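The structure file structure.cif is reproduced below (mmCIF, C-alpha atoms).
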data_protein
loop_
_atom_site.label_atom_id
_atom_site.label_comp_id
_atom_site.auth_asym_id
_atom_site.auth_seq_id
_atom_site.Cartn_x
_atom_site.Cartn_y
_atom_site.Cartn_z
CA MET A 1 3.42 17.19 -14.61
CA ALA A 2 3.96 15.36 -17.89
CA ALA A 3 2.92 11.70 -17.96
CA GLU A 4 6.27 10.57 -19.36
CA SER A 5 8.22 12.20 -16.52
CA ILE A 6 6.86 9.83 -13.84
CA LYS A 7 7.03 6.06 -14.22
CA LEU A 8 5.97 3.49 -11.64
CA TYR A 9 7.23 -0.07 -11.62
CA SER A 10 4.20 -1.84 -10.25
CA TYR A 11 2.26 -5.09 -9.88
CA TRP A 12 -1.52 -4.92 -9.81
CA ARG A 13 -1.97 -6.77 -6.49
CA SER A 14 1.05 -5.42 -4.60
CA SER A 15 -0.04 -3.54 -1.48
CA ALA A 16 3.03 -1.31 -1.56
CA CYS A 17 2.35 -0.34 -5.17
CA TYR A 18 -1.35 0.14 -4.41
CA ARG A 19 -0.55 2.75 -1.74
CA VAL A 20 1.71 4.68 -4.15
CA ARG A 21 -0.98 4.61 -6.86
CA ILE A 22 -3.43 6.13 -4.37
CA ALA A 23 -0.94 8.88 -3.51
CA LEU A 24 -0.26 9.64 -7.18
CA ASN A 25 -4.00 9.92 -7.82
CA LEU A 26 -4.64 12.09 -4.75
CA LYS A 27 -1.85 14.44 -5.84
CA GLY A 28 -3.22 14.55 -9.40
CA ILE A 29 0.07 13.33 -10.90
CA ASP A 30 -0.02 11.61 -14.27
CA TYR A 31 2.23 8.59 -14.52
CA GLN A 32 3.09 5.60 -16.65
CA THR A 33 2.87 2.10 -15.19
CA LEU A 34 5.67 -0.34 -15.96
CA PRO A 35 4.32 -3.77 -14.91
CA ILE A 36 6.58 -6.17 -13.04
CA HIS A 37 4.99 -9.60 -12.69
CA LEU A 38 5.91 -10.99 -9.29
CA LEU A 39 5.17 -14.62 -10.20
CA ARG A 40 5.92 -15.11 -13.89
CA ASP A 41 9.18 -16.99 -14.61
CA GLY A 42 10.02 -17.06 -10.91
CA GLY A 43 9.30 -13.35 -10.53
CA GLU A 44 10.37 -10.61 -12.92
CA GLN A 45 11.62 -8.59 -9.95
CA HIS A 46 14.52 -11.04 -9.67
CA GLY A 47 15.68 -10.52 -13.26
CA ALA A 48 19.04 -8.92 -13.95
CA GLN A 49 17.54 -5.80 -15.53
CA PHE A 50 15.24 -4.95 -12.62
CA SER A 51 17.77 -5.87 -9.93
CA GLN A 52 19.99 -3.16 -11.37
CA ILE A 53 17.19 -0.69 -10.70
CA ASN A 54 16.44 -2.00 -7.22
CA PRO A 55 19.01 -4.33 -5.61
CA GLN A 56 16.35 -5.34 -3.06
CA GLU A 57 14.35 -6.80 -5.97
CA LEU A 58 11.19 -5.23 -4.59
CA ILE A 59 8.49 -2.96 -5.94
CA PRO A 60 7.39 -0.23 -6.14
CA VAL A 61 10.11 1.79 -7.80
CA LEU A 62 9.28 5.27 -9.02
CA MET A 63 11.28 6.94 -11.76
CA HIS A 64 11.18 10.73 -11.92
CA GLY A 65 13.22 11.49 -14.98
CA ASP A 66 16.52 9.68 -14.38
CA ARG A 67 16.10 9.60 -10.60
CA VAL A 68 15.33 6.18 -9.08
CA MET A 69 13.14 6.18 -5.96
CA ARG A 70 12.48 3.19 -3.73
CA GLN A 71 10.37 2.39 -0.64
CA SER A 72 6.69 3.24 -0.81
CA LEU A 73 6.45 5.56 2.21
CA ALA A 74 9.48 7.57 1.10
CA ILE A 75 8.00 7.77 -2.41
CA ILE A 76 4.69 9.05 -1.02
CA GLU A 77 6.42 11.75 1.01
CA TYR A 78 8.45 12.74 -2.07
CA LEU A 79 5.26 13.11 -4.11
CA ASP A 80 3.84 15.25 -1.32
CA ASP A 81 6.94 17.44 -1.41
CA ILE A 82 6.91 18.07 -5.16
CA VAL A 83 3.18 18.84 -5.48
CA GLU A 84 1.75 21.23 -2.89
CA SER A 85 -1.94 20.63 -3.55
CA ASN A 86 -3.89 17.97 -1.65
CA PRO A 87 -1.28 17.45 1.07
CA LEU A 88 -0.87 13.91 2.35
CA LEU A 89 0.68 15.02 5.64
CA PRO A 90 -1.14 17.31 8.09
CA ALA A 91 0.07 20.84 8.73
CA VAL A 92 0.56 20.42 12.49
CA ALA A 93 3.63 18.48 13.67
CA ARG A 94 1.82 16.23 16.17
CA ASP A 95 -0.79 15.35 13.54
CA ARG A 96 1.94 14.58 11.00
CA GLN A 97 3.56 12.27 13.54
CA ARG A 98 0.28 10.42 14.09
CA ALA A 99 -0.38 10.02 10.37
CA ARG A 100 3.14 8.70 9.84
CA ALA A 101 2.83 6.38 12.84
CA ILE A 102 -0.39 4.84 11.52
CA ALA A 103 1.18 4.44 8.08
CA GLN A 104 4.18 2.70 9.64
CA MET A 105 2.00 0.44 11.81
CA ILE A 106 0.57 -0.90 8.58
CA ALA A 107 3.50 -0.70 6.16
CA CYS A 108 6.23 -1.79 8.57
CA ASP A 109 4.50 -4.04 11.11
CA ILE A 110 1.48 -5.70 9.41
CA HIS A 111 2.15 -5.84 5.70
CA PRO A 112 5.68 -7.36 5.62
CA LEU A 113 4.63 -10.49 7.55
CA GLY A 114 2.16 -11.49 4.86
CA ASN A 115 3.86 -10.38 1.68
CA LEU A 116 4.87 -12.67 -1.15
CA ARG A 117 8.49 -13.30 -0.24
CA VAL A 118 7.53 -14.28 3.32
CA GLN A 119 4.84 -16.60 1.99
CA GLN A 120 7.32 -18.19 -0.39
CA TYR A 121 9.92 -18.64 2.36
CA LEU A 122 7.38 -20.30 4.65
CA GLU A 123 6.63 -22.74 1.84
CA SER A 124 10.18 -23.43 0.64
CA HIS A 125 11.98 -23.61 4.01
CA PHE A 126 9.29 -24.81 6.42
CA GLY A 127 6.99 -26.76 4.12
CA ALA A 128 3.96 -24.65 5.03
CA ASP A 129 1.02 -25.47 2.79
CA GLN A 130 -1.51 -22.93 1.51
CA THR A 131 -3.82 -23.36 4.49
CA GLN A 132 -0.99 -22.80 6.95
CA ARG A 133 0.28 -19.77 5.05
CA ASP A 134 -3.20 -18.27 4.96
CA ASP A 135 -3.60 -18.87 8.70
CA TRP A 136 -0.25 -17.14 9.28
CA THR A 137 -1.37 -14.10 7.28
CA ARG A 138 -4.77 -13.88 8.96
CA HIS A 139 -3.14 -14.05 12.39
CA TRP A 140 -0.85 -11.11 11.73
CA VAL A 141 -3.54 -9.05 10.01
CA ARG A 142 -5.93 -9.56 12.92
CA SER A 143 -3.20 -8.82 15.46
CA GLY A 144 -2.21 -5.61 13.69
CA PHE A 145 -5.77 -4.51 12.99
CA THR A 146 -6.76 -5.09 16.62
CA ALA A 147 -4.12 -2.58 17.71
CA LEU A 148 -4.90 -0.17 14.87
CA GLU A 149 -8.61 -0.26 15.67
CA LYS A 150 -7.84 0.84 19.24
CA VAL A 151 -5.59 3.66 17.99
CA LEU A 152 -8.38 4.92 15.72
CA ARG A 153 -11.14 4.41 18.30
CA ASP A 154 -9.42 6.09 21.21
CA SER A 155 -8.19 9.30 19.57
CA SER A 156 -10.16 12.48 18.99
CA SER A 157 -7.89 13.05 15.97
CA THR A 158 -9.66 10.30 14.07
CA GLY A 159 -12.19 11.86 11.74
CA THR A 160 -13.68 10.83 8.44
CA PHE A 161 -10.22 9.42 7.73
CA CYS A 162 -7.40 8.08 9.89
CA GLU A 163 -6.19 11.57 10.80
CA GLY A 164 -8.85 14.23 10.53
CA ASP A 165 -11.19 14.80 7.63
CA MET A 166 -8.75 14.74 4.72
CA PRO A 167 -7.09 11.59 3.39
CA SER A 168 -3.44 11.27 4.35
CA ILE A 169 -0.49 8.94 4.02
CA ALA A 170 -2.18 6.80 6.69
CA ASP A 171 -5.20 6.17 4.47
CA CYS A 172 -2.94 5.42 1.51
CA CYS A 173 -1.67 2.51 3.62
CA LEU A 174 -4.92 1.46 5.28
CA VAL A 175 -6.91 0.78 2.10
CA PRO A 176 -4.46 -1.72 0.54
CA GLN A 177 -4.18 -3.55 3.86
CA ALA A 178 -7.98 -3.70 4.11
CA TYR A 179 -8.00 -5.19 0.60
CA ASN A 180 -5.50 -7.81 1.74
CA ALA A 181 -7.52 -8.57 4.86
CA LEU A 182 -10.60 -9.30 2.78
CA ARG A 183 -8.56 -11.33 0.32
CA PHE A 184 -7.40 -13.63 3.13
CA GLY A 185 -10.80 -13.89 4.77
CA VAL A 186 -10.53 -11.35 7.58
CA GLU A 187 -13.89 -9.63 7.88
CA LEU A 188 -13.67 -5.88 8.36
CA GLY A 189 -16.80 -5.98 10.48
CA GLU A 190 -14.50 -7.04 13.33
CA PHE A 191 -12.93 -3.58 13.09
CA PRO A 192 -15.67 -0.93 12.73
CA ASN A 193 -13.42 2.14 12.52
CA ILE A 194 -11.14 0.54 9.95
CA ALA A 195 -14.19 -0.55 7.96
CA ARG A 196 -15.78 2.91 8.12
CA ILE A 197 -12.61 4.69 7.00
CA ASN A 198 -12.02 2.17 4.22
CA THR A 199 -15.53 2.79 2.92
CA ALA A 200 -15.07 6.57 3.04
CA CYS A 201 -11.82 6.26 1.10
CA MET A 202 -13.25 4.01 -1.58
CA GLU A 203 -15.93 6.59 -2.32
CA LEU A 204 -13.20 8.94 -3.58
CA PRO A 205 -12.18 8.65 -7.26
CA ALA A 206 -8.46 8.64 -6.40
CA PHE A 207 -8.85 5.50 -4.31
CA ASP A 208 -11.31 3.85 -6.68
CA ALA A 209 -9.00 4.28 -9.69
CA ALA A 210 -6.13 2.68 -7.76
CA ARG A 211 -8.04 -0.57 -7.12
CA PRO A 212 -5.99 -3.64 -8.10
CA GLU A 213 -8.67 -4.95 -10.47
CA LYS A 214 -8.65 -1.65 -12.40
CA GLN A 215 -4.95 -1.88 -13.29
CA ALA A 216 -3.88 -2.66 -16.84
CA ASP A 217 -1.84 -5.69 -15.73
CA ALA A 218 -4.68 -7.25 -13.71
CA PRO A 219 -5.96 -10.58 -15.07
CA ALA A 220 -9.04 -10.20 -17.22
CA SER A 221 -11.05 -12.46 -14.90
CA THR A 222 -10.45 -10.26 -11.86
#
Spell out the structure here as structure tokens.
Amino acid sequence: MAAESIKLYSYWRSSACYRVRIALNLKGIDYQTLPIHLLRDGGEQHGAQFSQINPQELIPVLMHGDRVMRQSLAIIEYLDDIVESNPLLPAVARDRQRARAIAQMIACDIHPLGNLRVQQYLESHFGADQTQRDDWTRHWVRSGFTALEKVLRDSSSTGTFCEGDMPSIADCCLVPQAYNALRFGVELGEFPNIARINTACMELPAFDAARPEKQADAPAST
């Protein structure tokens, strides 16, 4: 697939963008990154030009030709549909459901409570300082990871990765959330299965290349 045919509006430290970058790499799809700085000038995602592309003023947005695609999990499933190799969803229905469920536990239940717009709202409307906002984030990460750890521990479907021995949509979501956990001071040693799977993922080139610090828009000091 030609590099110019796929474009990803992204920010280097966005968890949602991180998971799409992993999926693109796993599928072997070349793409162009269009950086959107979430903090500069009040956030470039709120500018008139980008809000025309995504009225939610959120990233990622993936452009495939003239087609605009939003929402990271839907984007990942689209990429899986258009490229057959290295499937990100298992072949068996019950296994697909489990992979999707794990992905949604992270992307829908853990991640949104600690993302930038929630942090900013806590500050602007409730006067929460940095320490309080960090405590808020750590609480919800630990709460979510405690449940996820049990899901991974108690199922025979857990293998090298979240679902079996091939990386799936679930792992695309787990790794960015593990990155966030470490960023906010949650030690992965509290969650041995999450830590083990995260390590296995990061040994793969597709995951390594998607690291936030390896993105072109990452600060040079990162």
Go ahead and compute the interatomic distance for CA of Trp140 in chain A and CA of Glu187 in chain A, in Å to one decimal. 13.7 Å
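Here the PyMOL selection byres ((chain A and resi 198) around 8) catches exactly these residues: Asp171, Leu174, Val175, Ala178, Ile194, Ala195, Arg196, Ile197, Thr199, Ala200, Cys201 and Met202 of chain A.
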Once you count only C-alpha atoms, which residues end up no further than 7 Å from (6.5, 7.7, -7.9) in the file's frame, shown as a list in words?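 I get Ile6, Lys7, Leu8, Val20, Val61, Leu62, Met63, His64, Ile75 and Leu79 of chain A for the residues within 7 Å of that point.
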Write out as an MDAnalysis selection string the residues lying within 10 Å of Ser14 in chain A, counting all atoms listed in the file and excluding same-chain residues fewer than 5 positions away. chainID A and resid 19 37:38 59:60 115:116 176 180 212
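If you look at CA of Ser124 in chain A and CA of Asp41 in chain A, they are 16.6 Å away from each other.
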Just so the selection is clear, what residues does the PyMOL selection byres ((chain A and resi 122) around 12) cover here, as a list of chain:residue names? A:Leu113, A:Gly114, A:Asn115, A:Leu116, A:Arg117, A:Val118, A:Gln119, A:Gln120, A:Tyr121, A:Glu123, A:Ser124, A:His125, A:Phe126, A:Gly127, A:Ala128, A:Asp129, A:Gln130, A:Thr131, A:Gln132, A:Arg133, A:Asp134, A:Asp135, A:Trp136, A:Thr137
Option closest in space to Glu77 in chain A, from A:Cys162, A:Ile36, A:Ala210, A:Cys172 [counting only C-alpha atoms]: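 Between A:Cys162, A:Ile36, A:Ala210, A:Cys172, the residue approaching Glu77 in chain A most closely is A:Cys172.
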Starting from the shown file, work through the PyMOL selection byres ((chain A and resi 168) around 8) and note down what comes out as a PyMOL selection string. chain A and resi 87-90+99+161-163+166-167+169-172
The residue from A:Ala48, A:Leu188, A:Ile53, A:Ala101 with the smallest atom-to-atom distance to Arg67 in chain A, counting only C-alpha atoms, is A:Ile53
Just write range 183-200 of chain A with N, CA and C atoms, as a PDB file, in the first residue's frame, taken from the block above.
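Ended up saving to result_39.pdb:
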ATOM      1  N   ARG A 183       4.349   6.109  33.225  1.00  0.00           N
ATOM      2  CA  ARG A 183       4.494   7.565  33.197  1.00  0.00           C
ATOM      3  C   ARG A 183       3.923   8.208  34.458  1.00  0.00           C
ATOM      4  N   PHE A 184       2.845   7.654  34.993  1.00  0.00           N
ATOM      5  CA  PHE A 184       2.208   8.220  36.176  1.00  0.00           C
ATOM      6  C   PHE A 184       2.628   7.515  37.472  1.00  0.00           C
ATOM      7  N   GLY A 185       3.625   6.657  37.381  1.00  0.00           N
ATOM      8  CA  GLY A 185       4.181   6.072  38.593  1.00  0.00           C
ATOM      9  C   GLY A 185       3.521   4.811  39.090  1.00  0.00           C
ATOM     10  N   VAL A 186       2.771   4.127  38.216  1.00  0.00           N
ATOM     11  CA  VAL A 186       2.196   2.832  38.580  1.00  0.00           C
ATOM     12  C   VAL A 186       3.175   1.740  38.135  1.00  0.00           C
ATOM     13  N   GLU A 187       3.700   1.001  39.091  1.00  0.00           N
ATOM     14  CA  GLU A 187       4.690  -0.016  38.767  1.00  0.00           C
ATOM     15  C   GLU A 187       4.009  -1.263  38.200  1.00  0.00           C
ATOM     16  N   LEU A 188       4.504  -1.732  37.072  1.00  0.00           N
ATOM     17  CA  LEU A 188       3.899  -2.901  36.444  1.00  0.00           C
ATOM     18  C   LEU A 188       4.150  -4.179  37.217  1.00  0.00           C
ATOM     19  N   GLY A 189       5.121  -4.147  38.131  1.00  0.00           N
ATOM     20  CA  GLY A 189       5.370  -5.314  38.964  1.00  0.00           C
ATOM     21  C   GLY A 189       4.167  -5.713  39.801  1.00  0.00           C
ATOM     22  N   GLU A 190       3.242  -4.780  40.007  1.00  0.00           N
ATOM     23  CA  GLU A 190       2.006  -5.087  40.727  1.00  0.00           C
ATOM     24  C   GLU A 190       1.110  -6.019  39.913  1.00  0.00           C
ATOM     25  N   PHE A 191       1.383  -6.085  38.596  1.00  0.00           N
ATOM     26  CA  PHE A 191       0.502  -6.803  37.674  1.00  0.00           C
ATOM     27  C   PHE A 191       1.358  -7.708  36.781  1.00  0.00           C
ATOM     28  N   PRO A 192       1.741  -8.889  37.277  1.00  0.00           N
ATOM     29  CA  PRO A 192       2.747  -9.703  36.582  1.00  0.00           C
ATOM     30  C   PRO A 192       2.356 -10.144  35.179  1.00  0.00           C
ATOM     31  N   ASN A 193       1.083 -10.446  34.935  1.00  0.00           N
ATOM     32  CA  ASN A 193       0.700 -10.857  33.580  1.00  0.00           C
ATOM     33  C   ASN A 193       0.729  -9.685  32.608  1.00  0.00           C
ATOM     34  N   ILE A 194       0.257  -8.540  33.061  1.00  0.00           N
ATOM     35  CA  ILE A 194       0.334  -7.335  32.225  1.00  0.00           C
ATOM     36  C   ILE A 194       1.786  -7.014  31.911  1.00  0.00           C
ATOM     37  N   ALA A 195       2.648  -7.090  32.933  1.00  0.00           N
ATOM     38  CA  ALA A 195       4.064  -6.781  32.735  1.00  0.00           C
ATOM     39  C   ALA A 195       4.711  -7.752  31.759  1.00  0.00           C
ATOM     40  N   ARG A 196       4.395  -9.048  31.910  1.00  0.00           N
ATOM     41  CA  ARG A 196       4.992 -10.059  31.027  1.00  0.00           C
ATOM     42  C   ARG A 196       4.575  -9.846  29.579  1.00  0.00           C
ATOM     43  N   ILE A 197       3.284  -9.590  29.362  1.00  0.00           N
ATOM     44  CA  ILE A 197       2.790  -9.397  27.996  1.00  0.00           C
ATOM     45  C   ILE A 197       3.363  -8.112  27.400  1.00  0.00           C
ATOM     46  N   ASN A 198       3.450  -7.063  28.200  1.00  0.00           N
ATOM     47  CA  ASN A 198       4.035  -5.824  27.720  1.00  0.00           C
ATOM     48  C   ASN A 198       5.475  -6.041  27.268  1.00  0.00           C
ATOM     49  N   THR A 199       6.234  -6.794  28.040  1.00  0.00           N
ATOM     50  CA  THR A 199       7.621  -7.079  27.668  1.00  0.00           C
ATOM     51  C   THR A 199       7.695  -7.874  26.370  1.00  0.00           C
ATOM     52  N   ALA A 200       6.839  -8.882  26.231  1.00  0.00           N
ATOM     53  CA  ALA A 200       6.822  -9.689  25.008  1.00  0.00           C
ATOM     54  C   ALA A 200       6.497  -8.831  23.791  1.00  0.00           C
TER      55      ALA A 200
END
